[in-house]
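Next comes coords_22.pdb, a file with PDB, C-alpha atoms.
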```pdb
ATOM      1  CA  MET W   1      10.914  19.976 -27.097
ATOM      2  CA  ARG W   2      14.486  20.545 -28.213
ATOM      3  CA  ARG W   3      15.817  19.564 -24.780
ATOM      4  CA  LEU W   4      13.843  16.331 -24.913
ATOM      5  CA  ALA W   5      15.308  15.501 -28.312
ATOM      6  CA  ILE W   6      18.850  16.209 -27.106
ATOM      7  CA  PHE W   7      18.327  14.151 -23.960
ATOM      8  CA  SER W   8      16.866  11.262 -25.985
ATOM      9  CA  ALA W   9      19.803  11.316 -28.400
ATOM     10  CA  MET W  10      22.314  11.284 -25.542
ATOM     11  CA  ALA W  11      20.487   8.412 -23.836
ATOM     12  CA  MET W  12      20.529   6.378 -27.053
ATOM     13  CA  LEU W  13      24.251   7.015 -27.528
ATOM     14  CA  ALA W  14      24.976   5.953 -23.974
ATOM     15  CA  ALA W  15      22.980   2.750 -24.490
ATOM     16  CA  CYS W  16      25.221   1.828 -27.420
ATOM     17  CA  ALA W  17      28.424   1.985 -25.386
ATOM     18  CA  GLU W  18      30.193  -1.231 -24.447
ATOM     19  CA  LEU W  19      30.763  -1.672 -20.753
ATOM     20  CA  PRO W  20      34.374  -2.428 -19.845
ATOM     21  CA  ASP W  21      35.257  -5.745 -18.279
ATOM     22  CA  VAL W  22      36.257  -5.016 -14.696
ATOM     23  CA  PRO W  23      38.821  -7.619 -13.651
ATOM     24  CA  GLY W  24      38.991  -8.580 -10.015
ATOM     25  CA  ALA W  25      35.651  -7.047  -9.049
ATOM     26  CA  ALA W  26      35.188  -9.930  -6.618
ATOM     27  CA  SER W  27      38.049 -11.925  -5.171
ATOM     28  CA  PRO W  28      38.050 -15.693  -5.763
ATOM     29  CA  GLU W  29      37.420 -16.200  -2.032
ATOM     30  CA  ALA W  30      34.356 -13.960  -2.158
ATOM     31  CA  ALA W  31      33.049 -15.703  -5.255
ATOM     32  CA  ALA W  32      33.451 -19.129  -3.621
ATOM     33  CA  ALA W  33      31.993 -18.092  -0.245
ATOM     34  CA  ASP W  34      28.572 -19.269   0.909
ATOM     35  CA  TYR W  35      25.679 -16.862   1.104
ATOM     36  CA  PRO W  36      25.201 -15.300   4.543
ATOM     37  CA  ALA W  37      22.659 -16.866   6.860
ATOM     38  CA  LEU W  38      19.304 -15.104   6.931
ATOM     39  CA  ALA W  39      18.064 -13.902  10.309
ATOM     40  CA  PRO W  40      14.435 -14.412  11.315
ATOM     41  CA  LEU W  41      12.356 -11.250  11.519
ATOM     42  CA  THR W  42      10.372 -12.274  14.625
ATOM     43  CA  PRO W  43      12.916 -10.918  17.169
ATOM     44  CA  LEU W  44      13.175  -7.652  15.248
ATOM     45  CA  ALA W  45       9.407  -7.278  15.107
ATOM     46  CA  ARG W  46       9.098  -8.035  18.823
ATOM     47  CA  GLU W  47      11.731  -5.390  19.621
ATOM     48  CA  THR W  48       9.897  -2.848  17.470
ATOM     49  CA  VAL W  49       6.636  -3.496  19.297
ATOM     50  CA  GLU W  50       8.356  -3.140  22.665
ATOM     51  CA  ASN W  51       9.855   0.224  21.646
ATOM     52  CA  ALA W  52       6.642   1.549  20.083
ATOM     53  CA  VAL W  53       5.052   4.711  21.408
ATOM     54  CA  GLN W  54       1.968   4.133  23.509
ATOM     55  CA  GLU W  55      -1.224   5.084  21.674
ATOM     56  CA  ASP W  56      -2.607   7.034  24.644
ATOM     57  CA  GLU W  57       0.522   9.170  24.794
ATOM     58  CA  THR W  58       0.401   9.813  21.063
ATOM     59  CA  ALA W  59      -3.300  10.698  21.183
ATOM     60  CA  ASP W  60      -2.679  13.157  24.027
ATOM     61  CA  GLN W  61       0.195  14.782  22.131
ATOM     62  CA  LEU W  62      -1.897  15.073  18.971
ATOM     63  CA  GLU W  63      -4.814  16.544  20.903
ATOM     64  CA  ALA W  64      -2.525  19.121  22.535
ATOM     65  CA  ARG W  65      -1.044  20.051  19.155
ATOM     66  CA  ALA W  66      -4.504  20.336  17.594
ATOM     67  CA  ASN W  67      -5.659  22.604  20.428
ATOM     68  CA  GLY W  68      -2.594  24.784  19.971
ATOM     69  CA  LEU W  69      -3.217  25.054  16.234
ATOM     70  CA  ARG W  70      -6.876  25.930  16.826
ATOM     71  CA  ALA W  71      -5.846  28.701  19.239
ATOM     72  CA  ARG W  72      -3.349  30.029  16.715
ATOM     73  CA  ALA W  73      -5.997  29.972  13.968
ATOM     74  CA  ALA W  74      -8.390  31.898  16.223
ATOM     75  CA  GLN W  75      -5.716  34.569  16.723
ATOM     76  CA  LEU W  76      -5.172  34.812  12.963
ATOM     77  CA  ARG W  77      -8.913  35.289  12.349
ATOM     78  CA  LYS W  78      -9.017  38.443  14.453
ATOM     79  CA  PRO W  79      -9.111  41.742  12.564
ATOM     80  CA  VAL W  80      -5.711  43.242  11.895
ATOM     81  CA  LEU W  81      -6.818  46.878  11.854
ATOM     82  CA  THR W  82      -8.647  48.713  14.594
ATOM     83  CA  ASP W  83     -11.812  50.650  13.737
ATOM     84  CA  ALA W  84      -9.888  53.923  13.884
ATOM     85  CA  GLU W  85      -7.209  52.657  11.500
ATOM     86  CA  ARG W  86      -9.848  51.313   9.124
ATOM     87  CA  ALA W  87     -11.683  54.699   9.143
ATOM     88  CA  ARG W  88      -8.431  56.573   8.497
ATOM     89  CA  LEU W  89      -7.616  54.348   5.515
ATOM     90  CA  ALA W  90     -11.146  54.676   4.158
ATOM     91  CA  ALA W  91     -10.889  58.477   4.383
ATOM     92  CA  ALA W  92      -7.600  58.453   2.473
ATOM     93  CA  GLU W  93      -9.158  56.940  -0.633
TER      94      GLU W  93
END
```
Could you quickly redo this structure as structure tokens?
Amino acid sequence: MRRLAIFSAMAMLAACAELPDVPGAASPEAAAADYPALAPLTPLARETVENAVQEDETADQLEARANGLRARAAQLRKPVLTDAERARLAAAE
């Protein structure tokens, strides 16, 4: 709670500060220049579609990854201790 109060006080003090006037932030040429021309998005979208990954390839990769993860999960489900180790630990209690 105290940190919140300190942070709030600092934020309020910073809001009261006057911002300095920065001379020459933009040159007169830049201020008088026209806005840049906007490019149409259609060529960019077409290029993106051409470079897109084929869905069949992606599906095959995902299926292979899923199969690998299932095999790994099956290995993790196996018992860690053998019956002999389990009996030895049970006898030690």
Output as AutoDock Vina command-line options the centre and edge lengths (Å, one decimal) of the box along x, y and z of the file that holds every listed atom of segment 60-68 of chain W after adding 6 Å on each side.
```
--center_x -2.7 --center_y 19.0 --center_z 20.8 --size_x 17.9 --size_y 23.6 --size_z 18.4
```
Atom CA of Arg77 of chain W to atom CA of Leu89 of chain W, distance in Å rounded to a single decimal: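 For atom CA of Arg77 of chain W relative to atom CA of Leu89 of chain W, the distance reads 20.3 Å.
For the pair atom CA of Ala5 of chain W and atom CA of Glu18 of chain W, the interatomic distance is 22.7 Å.
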Interatomic distance, atom CA of Val80 of chain W to atom CA of Ala92 of chain W (Å, one decimal):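 We find that atom CA of Val80 of chain W and atom CA of Ala92 of chain W lie 18.0 Å from each other.
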